[in-house]
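Visitor: Dropping in start-v1.cif, with mmCIF, C-alpha atoms and all ligand atoms.
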```
data_upload
#
loop_
_atom_site.label_atom_id
_atom_site.label_comp_id
_atom_site.auth_asym_id
_atom_site.auth_seq_id
_atom_site.Cartn_x
_atom_site.Cartn_y
_atom_site.Cartn_z
CA MET A 1 -6.87 22.39 3.03
CA GLY A 2 -4.24 19.85 2.13
CA TYR A 3 -4.71 17.49 5.00
CA GLU A 4 -6.20 14.74 2.91
CA GLU A 5 -2.69 13.83 1.76
CA ASN A 6 -1.31 10.74 3.50
CA SER A 7 -3.97 11.37 6.07
CA GLY A 8 -4.64 8.27 8.05
CA LEU A 9 -7.69 10.20 9.23
CA LEU A 10 -11.17 9.07 8.41
CA TYR A 11 -12.74 12.10 6.81
CA LYS A 12 -12.55 13.55 3.32
CA ALA A 13 -11.14 17.11 3.32
CA VAL A 14 -13.81 18.33 0.88
CA ASP A 15 -16.69 17.01 3.04
CA LEU A 16 -15.03 18.47 6.07
CA GLU A 17 -14.67 22.00 4.66
CA GLN A 18 -18.27 21.94 3.41
CA THR A 19 -19.59 20.79 6.79
CA LEU A 20 -17.69 23.53 8.60
CA LYS A 21 -18.87 26.25 6.21
CA ILE A 22 -22.56 25.48 6.60
CA SER A 23 -22.55 24.65 10.32
CA LYS A 24 -24.38 27.06 12.61
CA ASP A 25 -23.19 25.61 15.92
CA SER A 26 -20.31 23.47 17.15
CA SER A 27 -22.16 20.13 16.92
CA SER A 28 -20.85 19.46 13.41
CA LEU A 29 -17.33 20.27 14.57
CA LEU A 30 -17.69 17.74 17.38
CA ALA A 31 -18.95 15.21 14.82
CA ILE A 32 -15.85 15.91 12.68
CA LEU A 33 -13.57 15.39 15.68
CA GLN A 34 -15.29 12.11 16.49
CA LYS A 35 -14.88 10.91 12.91
CA THR A 36 -11.21 11.89 12.77
CA VAL A 37 -8.79 12.44 15.66
CA LEU A 38 -11.21 11.07 18.27
CA HIS A 39 -12.39 8.14 16.14
CA PRO A 40 -11.76 4.85 18.01
CA LEU A 41 -9.52 3.65 15.17
CA CYS A 42 -7.37 6.80 15.38
CA LEU A 43 -7.20 6.54 19.17
CA LYS A 44 -6.03 2.93 18.92
CA TYR A 45 -3.74 3.47 15.91
CA PRO A 46 -2.83 7.18 15.96
CA PRO A 47 -1.45 9.04 12.93
CA SER A 48 1.78 10.99 13.54
CA VAL A 49 1.80 13.69 16.22
CA ASN A 50 2.90 16.19 13.61
CA TYR A 51 0.02 15.30 11.33
CA ARG A 52 -2.60 15.48 14.09
CA ARG A 53 -1.18 18.82 15.26
CA HIS A 54 -1.46 20.30 11.76
CA PHE A 55 -4.92 18.86 11.28
CA LEU A 56 -6.26 20.29 14.54
CA SER A 57 -4.62 23.70 14.03
CA GLU A 58 -6.22 23.91 10.59
CA LEU A 59 -9.57 22.85 12.03
CA ILE A 60 -9.33 25.60 14.66
CA LYS A 61 -8.47 28.13 11.96
CA GLN A 62 -11.46 27.10 9.85
CA HIS A 63 -13.77 27.03 12.86
CA GLU A 64 -12.71 30.50 13.99
CA CYS A 65 -13.88 31.84 10.61
CA THR A 66 -17.45 30.69 11.33
CA ALA A 67 -19.96 32.26 13.72
CA ALA A 68 -20.19 29.05 15.77
CA GLU A 69 -19.31 28.89 19.48
CA PRO A 70 -15.77 27.75 20.40
CA LEU A 71 -15.62 24.05 21.27
CA ASP A 72 -13.69 23.02 24.39
CA GLU A 73 -13.06 19.48 23.08
CA LEU A 74 -11.18 20.89 20.09
CA TYR A 75 -8.71 22.84 22.26
CA GLU A 76 -8.41 19.98 24.77
CA THR A 77 -7.64 17.53 21.96
CA LEU A 78 -4.98 19.86 20.56
CA GLY A 79 -3.54 20.20 24.09
CA ASP A 80 -3.34 16.40 24.40
CA VAL A 81 -1.61 16.11 21.03
CA LEU A 82 0.87 18.87 21.89
CA ASN A 83 1.70 17.00 25.10
CA SER A 84 2.25 13.67 23.33
CA GLU A 85 5.75 12.59 22.56
CA ALA A 86 6.68 12.44 18.88
CA SER A 87 7.54 8.90 17.82
CA ALA A 88 9.50 7.50 14.88
CA HIS A 89 6.39 5.47 14.01
CA CYS A 90 2.82 6.32 13.16
CA TYR A 91 -0.26 4.53 11.82
CA LYS A 92 -2.27 5.17 8.68
CA SER A 93 -5.77 3.85 8.20
CA PHE A 94 -7.47 3.59 4.82
CA ILE A 95 -11.18 2.89 4.40
CA LEU A 96 -12.19 0.31 1.80
CA PRO A 97 -15.45 0.72 -0.16
CA SER A 98 -16.97 -1.97 2.11
CA GLY A 99 -16.38 0.36 5.09
CA ASP A 100 -13.64 -1.91 6.48
CA ALA A 101 -10.35 -0.26 7.40
CA VAL A 102 -6.81 -1.29 6.48
CA THR A 103 -4.30 0.03 9.02
CA VAL A 104 -0.54 -0.02 8.59
CA ARG A 105 2.25 1.01 10.92
CA GLU A 106 4.86 3.13 9.18
CA ASN A 107 7.96 5.15 9.86
CA VAL A 108 7.48 8.89 10.01
CA ALA A 109 10.54 9.51 7.78
CA ILE A 110 10.11 8.53 4.12
CA ILE A 111 13.58 6.97 4.02
CA SER A 112 14.91 5.32 7.16
CA GLN A 113 17.27 2.46 8.00
CA GLY A 114 18.53 2.67 4.41
CA THR A 115 15.19 1.69 2.84
CA THR A 116 12.15 3.23 1.20
CA GLY A 117 10.07 0.24 2.30
CA LEU A 118 8.92 1.51 5.72
CA VAL A 119 6.29 3.90 4.33
CA THR A 120 3.38 3.41 1.93
CA TRP A 121 3.89 5.02 -1.48
CA ASP A 122 1.23 6.57 -3.70
CA ALA A 123 1.71 3.94 -6.44
CA GLY A 124 0.88 1.28 -3.84
CA LEU A 125 -2.42 3.00 -3.11
CA TYR A 126 -3.07 3.45 -6.84
CA LEU A 127 -2.48 -0.27 -7.46
CA ALA A 128 -4.82 -1.12 -4.57
CA GLU A 129 -7.52 1.12 -6.11
CA TRP A 130 -7.01 -0.60 -9.47
CA ALA A 131 -7.33 -4.01 -7.79
CA LEU A 132 -10.59 -2.96 -6.11
CA GLU A 133 -11.99 -2.28 -9.59
CA HIS A 134 -10.48 -5.47 -11.11
CA PRO A 135 -11.03 -8.13 -8.41
CA PHE A 136 -11.35 -10.87 -11.08
CA VAL A 137 -7.62 -10.51 -11.85
CA PHE A 138 -6.92 -11.81 -8.33
CA THR A 139 -9.90 -13.96 -7.35
CA ASN A 140 -8.99 -17.56 -6.57
CA ARG A 141 -5.43 -17.09 -7.89
CA ARG A 142 -1.95 -17.25 -6.38
CA ILE A 143 -0.45 -13.78 -6.17
CA LEU A 144 3.20 -12.85 -5.66
CA GLU A 145 4.00 -9.26 -4.73
CA LEU A 146 7.54 -7.92 -5.24
CA GLY A 147 8.90 -5.20 -2.93
CA SER A 148 5.78 -5.19 -0.71
CA GLY A 149 7.05 -2.54 1.74
CA THR A 150 4.43 -1.89 4.45
CA GLY A 151 2.01 -4.31 2.77
CA LEU A 152 -0.90 -1.90 2.19
CA THR A 153 -1.54 -3.01 -1.43
CA GLY A 154 -1.52 -6.71 -0.64
CA ILE A 155 -3.61 -6.37 2.52
CA ALA A 156 -6.26 -4.43 0.55
CA ILE A 157 -6.21 -7.13 -2.17
CA CYS A 158 -6.50 -9.94 0.41
CA ARG A 159 -9.42 -8.14 2.07
CA THR A 160 -11.41 -7.48 -1.09
CA CYS A 161 -10.36 -9.63 -4.06
CA HIS A 162 -10.46 -13.19 -2.60
CA PRO A 163 -7.12 -14.50 -3.85
CA LYS A 164 -6.32 -18.17 -3.19
CA ALA A 165 -2.88 -17.33 -1.84
CA TYR A 166 -0.91 -14.11 -1.42
CA ILE A 167 2.88 -14.10 -1.11
CA PHE A 168 4.20 -10.77 0.13
CA SER A 169 7.94 -10.33 -0.46
CA ASP A 170 10.80 -7.96 0.14
CA TYR A 171 14.52 -8.24 0.80
CA HIS A 172 15.15 -5.79 3.63
CA GLN A 173 15.08 -7.44 7.09
CA ARG A 174 13.40 -4.54 8.90
CA VAL A 175 10.83 -4.19 6.10
CA LEU A 176 10.07 -7.94 6.33
CA GLU A 177 9.51 -7.62 10.10
CA GLU A 178 7.23 -4.56 9.82
CA LEU A 179 5.39 -6.14 6.89
CA SER A 180 4.66 -9.29 8.92
CA GLU A 181 3.43 -7.13 11.82
CA ASN A 182 1.13 -5.16 9.52
CA ILE A 183 -0.34 -8.33 8.05
CA ARG A 184 -1.10 -9.63 11.57
CA LEU A 185 -2.42 -6.20 12.64
CA ASN A 186 -5.05 -6.52 9.90
CA GLY A 187 -6.26 -9.87 11.16
CA PHE A 188 -4.39 -12.21 8.81
CA PHE A 189 -2.68 -15.23 10.21
CA LEU A 190 0.65 -15.94 8.53
CA GLN A 191 -0.40 -19.51 7.86
CA CYS A 192 2.97 -20.93 7.01
CA GLU A 193 6.01 -18.75 6.80
CA CYS A 194 7.28 -21.31 4.37
CA TYR A 195 9.56 -19.39 2.03
CA SER A 196 13.11 -18.35 2.57
CA LEU A 197 14.98 -16.89 -0.37
CA GLY A 198 12.09 -18.21 -2.44
CA ARG A 199 12.36 -21.81 -1.28
CA ALA A 200 9.03 -23.39 -0.39
CA LYS A 201 9.34 -25.54 2.72
CA CYS A 202 5.72 -26.65 2.85
CA ARG A 203 2.57 -26.52 0.81
CA CYS A 204 -0.84 -25.73 2.23
CA HIS A 205 -4.21 -26.73 0.81
CA GLU A 206 -4.87 -23.23 -0.42
CA ALA A 207 -8.18 -23.69 -2.17
CA GLU A 208 -9.82 -25.22 0.93
CA LEU A 209 -8.10 -22.77 3.26
CA ALA A 210 -9.09 -19.76 1.14
CA GLU A 211 -12.72 -20.85 1.25
CA LEU A 212 -12.68 -21.41 5.01
CA HIS A 213 -10.35 -18.72 6.35
CA GLY A 214 -9.46 -16.40 3.48
CA PRO A 215 -6.22 -16.51 1.46
CA CYS A 216 -3.13 -18.41 2.50
CA VAL A 217 -0.91 -15.46 3.38
CA THR A 218 2.87 -15.79 3.50
CA VAL A 219 5.88 -13.51 3.65
CA ALA A 220 8.95 -14.41 1.62
CA GLU A 221 12.42 -12.99 1.66
CA LEU A 222 13.03 -12.37 -2.05
CA ASP A 223 15.93 -10.32 -3.36
CA TRP A 224 15.55 -9.62 -7.09
CA ASN A 225 19.29 -10.16 -7.48
CA LEU A 226 19.21 -13.59 -5.89
CA GLY A 227 15.90 -15.30 -6.71
CA THR A 228 16.64 -18.13 -9.17
CA LYS A 229 14.20 -19.52 -11.75
CA GLU A 230 13.77 -22.69 -9.66
CA GLN A 231 12.93 -20.67 -6.56
CA LEU A 232 10.50 -18.47 -8.48
CA ALA A 233 8.82 -21.52 -10.05
CA GLU A 234 8.10 -22.82 -6.53
CA PHE A 235 5.94 -19.78 -5.81
CA ARG A 236 3.60 -20.97 -8.61
CA ALA A 237 2.44 -17.36 -9.00
CA GLU A 238 -0.43 -16.80 -11.41
CA VAL A 239 -0.31 -13.04 -10.98
CA VAL A 240 2.68 -10.90 -9.97
CA VAL A 241 2.24 -7.32 -8.76
CA ALA A 242 4.56 -4.56 -7.58
CA ALA A 243 4.24 -0.86 -6.80
CA ASP A 244 6.81 1.90 -6.89
CA VAL A 245 9.74 -0.33 -7.69
CA ILE A 246 11.08 1.70 -10.65
CA TYR A 247 12.80 4.53 -8.82
CA ASP A 248 16.51 4.08 -9.32
CA PRO A 249 18.52 2.93 -12.39
CA ASN A 250 20.56 0.54 -10.18
CA VAL A 251 17.39 -1.13 -8.90
CA THR A 252 15.95 -1.26 -12.45
CA LYS A 253 18.56 -3.74 -13.66
CA SER A 254 17.77 -6.30 -10.97
CA LEU A 255 14.02 -5.71 -11.34
CA VAL A 256 14.13 -6.42 -15.08
CA ALA A 257 16.26 -9.50 -14.40
CA ILE A 258 13.66 -10.92 -11.97
CA LEU A 259 10.83 -10.12 -14.41
CA GLN A 260 12.73 -12.01 -17.10
CA ARG A 261 13.18 -15.00 -14.77
CA LEU A 262 9.51 -14.88 -13.77
CA LEU A 263 8.51 -14.94 -17.45
CA THR A 264 10.77 -17.88 -18.27
CA CYS A 265 10.61 -20.01 -15.11
CA THR A 266 7.65 -22.03 -16.28
CA ASP A 267 5.95 -23.27 -19.48
CA ALA A 268 4.00 -20.86 -21.67
CA GLU A 269 0.54 -21.93 -20.33
CA ASN A 270 1.53 -21.17 -16.74
CA LEU A 271 3.23 -17.81 -17.24
CA PRO A 272 2.08 -15.27 -14.65
CA GLU A 273 0.33 -12.02 -15.52
CA ILE A 274 2.58 -9.22 -14.25
CA TYR A 275 1.40 -5.72 -13.30
CA ILE A 276 3.61 -2.92 -11.98
CA ALA A 277 2.33 0.49 -10.83
CA SER A 278 4.89 3.30 -11.01
CA THR A 279 4.99 6.95 -10.14
CA CYS A 280 6.68 8.71 -13.09
CA ARG A 281 8.94 11.02 -11.07
CA ASN A 282 11.94 11.04 -13.37
CA PRO A 283 11.36 10.41 -17.10
CA ASP A 284 15.00 9.28 -17.51
CA THR A 285 14.55 6.47 -14.95
CA TYR A 286 11.32 5.39 -16.64
CA CYS A 287 12.94 5.43 -20.14
CA HIS A 288 15.93 3.51 -18.81
CA PHE A 289 13.55 0.86 -17.45
CA GLN A 290 11.77 0.60 -20.84
CA ARG A 291 15.08 0.35 -22.74
CA THR A 292 16.29 -2.38 -20.36
CA LEU A 293 13.04 -4.29 -20.97
CA GLU A 294 13.53 -3.97 -24.75
CA ASP A 295 17.11 -5.25 -24.46
CA VAL A 296 15.88 -8.52 -22.92
CA GLY A 297 12.82 -8.84 -25.19
CA ILE A 298 10.07 -8.08 -22.64
CA ARG A 299 7.09 -6.24 -24.15
CA TRP A 300 4.65 -4.17 -22.11
CA GLU A 301 1.42 -2.26 -22.40
CA VAL A 302 0.03 0.46 -20.17
CA VAL A 303 -3.36 -0.63 -18.80
CA PRO A 304 -6.11 1.89 -17.96
CA GLY A 305 -5.82 3.09 -14.36
CA PRO A 306 -8.54 3.07 -11.69
CA GLN A 307 -11.65 5.14 -12.44
CA LYS A 308 -12.60 5.89 -8.84
CA ASN A 309 -10.59 7.44 -6.03
CA PHE A 310 -10.98 5.43 -2.87
CA PHE A 311 -7.89 6.55 -0.98
CA PRO A 312 -6.41 9.98 -0.25
CA TYR A 313 -2.99 10.56 -1.84
CA ASN A 314 -1.20 13.02 -4.05
CA ARG A 315 -2.55 12.68 -7.60
CA SER A 316 -0.51 15.48 -9.14
CA THR A 317 2.33 13.18 -10.27
CA LYS A 318 1.41 10.72 -13.02
CA ILE A 319 1.12 7.05 -12.01
CA THR A 320 0.82 4.26 -14.57
CA ILE A 321 0.24 0.51 -14.48
CA MET A 322 2.22 -1.59 -16.95
CA LYS A 323 1.42 -5.17 -17.91
CA PHE A 324 4.33 -7.29 -19.14
CA LEU A 325 4.41 -9.88 -21.91
CA LEU A 326 7.10 -11.94 -23.60
C1 LIG B 401 9.49 2.61 -2.89
S1 LIG B 401 9.31 1.15 -1.93
C2 LIG B 401 7.66 0.63 -2.41
C3 LIG B 401 7.01 -0.18 -1.33
C4 LIG B 401 5.56 -0.58 -1.62
N1 LIG B 401 5.47 -1.42 -2.79
C5 LIG B 401 4.66 0.64 -1.78
O1 LIG B 401 4.25 0.94 -2.91
O2 LIG B 401 4.38 1.30 -0.78
C6 LIG B 401 10.34 -0.03 -2.82
C7 LIG B 401 10.38 -1.42 -2.19
O3 LIG B 401 11.19 -2.28 -3.01
C8 LIG B 401 12.04 -3.06 -2.18
N2 LIG B 401 13.25 -3.44 -2.95
C9 LIG B 401 14.18 -2.61 -3.49
N3 LIG B 401 15.17 -3.33 -4.06
C10 LIG B 401 14.85 -4.64 -3.90
C11 LIG B 401 15.47 -5.87 -4.27
N4 LIG B 401 16.65 -5.91 -4.91
N5 LIG B 401 14.86 -7.02 -3.94
C12 LIG B 401 13.67 -7.00 -3.27
N6 LIG B 401 13.03 -5.88 -2.88
C13 LIG B 401 13.61 -4.71 -3.20
C14 LIG B 401 12.35 -2.14 -1.00
O4 LIG B 401 12.77 -2.86 0.15
C15 LIG B 401 11.01 -1.43 -0.81
O5 LIG B 401 10.18 -2.13 0.08
#
```
For the structure just supplied, provide its representation as structure tokens.
Guide:
Amino acid sequence: MGYEENSGLLYKAVDLEQTLKISKDSSSLLAILQKTVLHPLCLKYPPSVNYRRHFLSELIKQHECTAAEPLDELYETLGDVLNSEASAHCYKSFILPSGDAVTVRENVAIISQGTTGLVTWDAGLYLAEWALEHPFVFTNRRILELGSGTGLTGIAICRTCHPKAYIFSDYHQRVLEELSENIRLNGFFLQCECYSLGRAKCRCHEAELAELHGPCVTVAELDWNLGTKEQLAEFRAEVVVAADVIYDPNVTKSLVAILQRLLTCTDAENLPEIYIASTCRNPDTYCHFQRTLEDVGIRWEVVPGPQKNFFPYNRSTKITIMKFLL
């Protein structure tokens, strides 16, 4: 079954198939329903109608292959889903190793309103998995994320890695609005929305705040074409992260330009560590990015990826994490 991909449902496909195969009655099927489509989190923040419909149809197919009694709840739930109106939005929930969930609202279409930033991409999940295994990179530090999109990566980092401050950023107005909503949805208070085009309007006492209430979380409008060295210096980022931002040669040029400014906006002792996770879809785009880095004298190394899989996503396309140095 392929329904672990982009699931938003709280059950691993492998466990689910195993449970169904060995079950003698419909009690395990009911348990599966209660841990997935009927889970309180899924009822409050439902995955797309299309996804739930496919999931339930597959479950019925699998269940009909066993000797167990039919289960009314399964057919009733499918009936409810078939009667629900399809929406342009859906929710996806991802379970952290602590058992906590991160939920984001997304668009159903992978590109909408002229942006790729209204859905969560696999590289974002990969980077979040890497962060879960390397919390020390983020703990008690100021983090700037470029091209945050739905915010999944940053929300997972804020939940688990104890940064001092986390600055989410993007340049698309709709993405910035959805991003802010997703941050609030996950219980973070946007403590001071103090950046506009990278300009800090206020400073909060982050160390004290982080200890008392968790990281100082902000959302900044930051266009890689427009952010100046002075504006970037004001972020005082100690670590910069980004996921799935190398996807188009036109975007690459402005991304390399902002990396160059980030690596030269402050003195050598305060240079940020920069990590970018990328899905290697098109080798030409990736090579073009590397050549552009070479042209401006930025070196990089590929760092080992996460060892454990915490989140369900498509692992068939290679994803790498690069670290950048001058
Ligand atoms: C493929 S999405 C990745 C989103 C998110 N990082 C993830 O992994 O799910 C690329 C993101 O980069 C942002 N982006 C593209 N060009 C940008 C630019 N010039 N300045 C700032 N953000 C940009 C888009 O708005 C979008 O949110």
Visitor: Quick one: residues within 6 Å of ligand LIG 401 (chain B), with only C-alpha atoms and all ligand atoms, as JSON, numbers by chain?
Guide: {"A": [115, 116, 117, 120, 121, 123, 124, 147, 148, 149, 170, 171, 172, 222, 223, 224, 225, 242, 243, 244, 245, 251]}
Visitor: May I ask which of the residues A:Leu29, A:Cys90, A:Leu259, A:Ile22 is the closest one to Ser48 of chain A, counting only C-alpha atoms?
Guide: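 Among A:Leu29, A:Cys90, A:Leu259, A:Ile22, it is A:Cys90 that comes nearest to Ser48 of chain A.
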Visitor: May I have the protein, DNA and RNA residues with an atom at most 9 Å from (-20.3, 25.4, 17.2), counting all atoms listed in the file in the file's coordinates, returned as a VMD selection string?
Guide: chain A and resid 23 to 30 63 66 to 71
Visitor: Find the residue from A:Asn50, A:Lys253, A:Arg315, A:Phe310 that sits nearest to Gln290 of chain A; use all atoms listed in the file when measuring.
Guide: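 Of A:Asn50, A:Lys253, A:Arg315, A:Phe310, the one nearest Gln290 of chain A, counting all atoms listed in the file, is A:Lys253.
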Visitor: In Å, with one decimal, what is the gap from atom CA of Pro163 of chain A to atom CA of Val240 of chain A?
Guide: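 Those two atoms sit 12.1 Å apart.
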Visitor: Of the candidates A:Leu152, A:Leu20, A:Ala101, A:Ala257, which shows the shortest atom-to-atom distance to Lys61 of chain A, using all atoms listed in the file?
Guide: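 Going through A:Leu152, A:Leu20, A:Ala101, A:Ala257 one by one, the smallest distance to Lys61 of chain A is for A:Leu20.
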Visitor: Looking at only C-alpha atoms, which of A:Ser84, A:Ser316, A:Asn282, A:Gln260 is the one that sits closest to Arg299 of chain A?
Guide: A:Gln260
Visitor: What is the distance between atom CA of Ala233 of chain A and atom CA of Phe168 of chain A, in Å to one decimal?
Guide: 15.5 Å
Visitor: Leaving out Thr320 of chain A and any residue of its chain fewer than 2 positions from it, which residues lie within 7 Å of it when counting all atoms listed in the file, given as a CSV table (one decimal) with C-alpha atoms, in the coordinates of the input?
Guide:
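Below you can see result28.csv, which holds the result:
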```csv
chain,number,residue,atom,x,y,z
A,277,ALA,CA,2.3,0.5,-10.8
A,278,SER,CA,4.9,3.3,-11.0
A,279,THR,CA,5.0,7.0,-10.1
A,302,VAL,CA,0.0,0.5,-20.2
A,305,GLY,CA,-5.8,3.1,-14.4
A,318,LYS,CA,1.4,10.7,-13.0
A,322,MET,CA,2.2,-1.6,-17.0
```
Visitor: Please identify all polymer residues within 12 Å of Ser112 of chain A, counting all atoms listed in the file, omitting same-chain residues fewer than 4 positions from it, and present them as a list in words.
Guide: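 Surrounding residues, per the criterion: Ala88, His89, Glu106, Asn107, Val108, Thr116, Gly117, Leu118, Val119, His172, Arg174 and Val175 of chain A.
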Visitor: Which residues come within 9 Å of Thr292 of chain A, counting only C-alpha atoms, excluding same-chain residues fewer than 6 positions away, as a VMD selection string?
Guide: chain A and resid 252 to 253 256 298
Visitor: Ranking A:Gly114, A:Pro249, A:Gly214, A:Gly187 by minimum distance to Cys158 of chain A and counting only C-alpha atoms, which one comes first?
Guide: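 For Cys158 of chain A, the nearest of the given residues is A:Gly214.
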Visitor: As an exercise, work out the distance from atom CA of Tyr51 of chain A to atom CA of Leu82 of chain A in Å and give it to one decimal place.
Guide: 11.2 Å
Visitor: My list of candidates is A:Leu96, A:Leu146, A:Leu56, A:Ile111. Which is closest to Ser254 of chain A when distances are computed with all atoms listed in the file?
Guide: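 Distance minimum relative to Ser254 of chain A lands on A:Leu146.
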Visitor: Tell me which residues come within 10 Å of (-15.2, 0.1, -8.5), as a VMD selection string, counting all atoms listed in the file in the file's coordinates.
Guide: chain A and resid 97 129 to 135 306 to 310
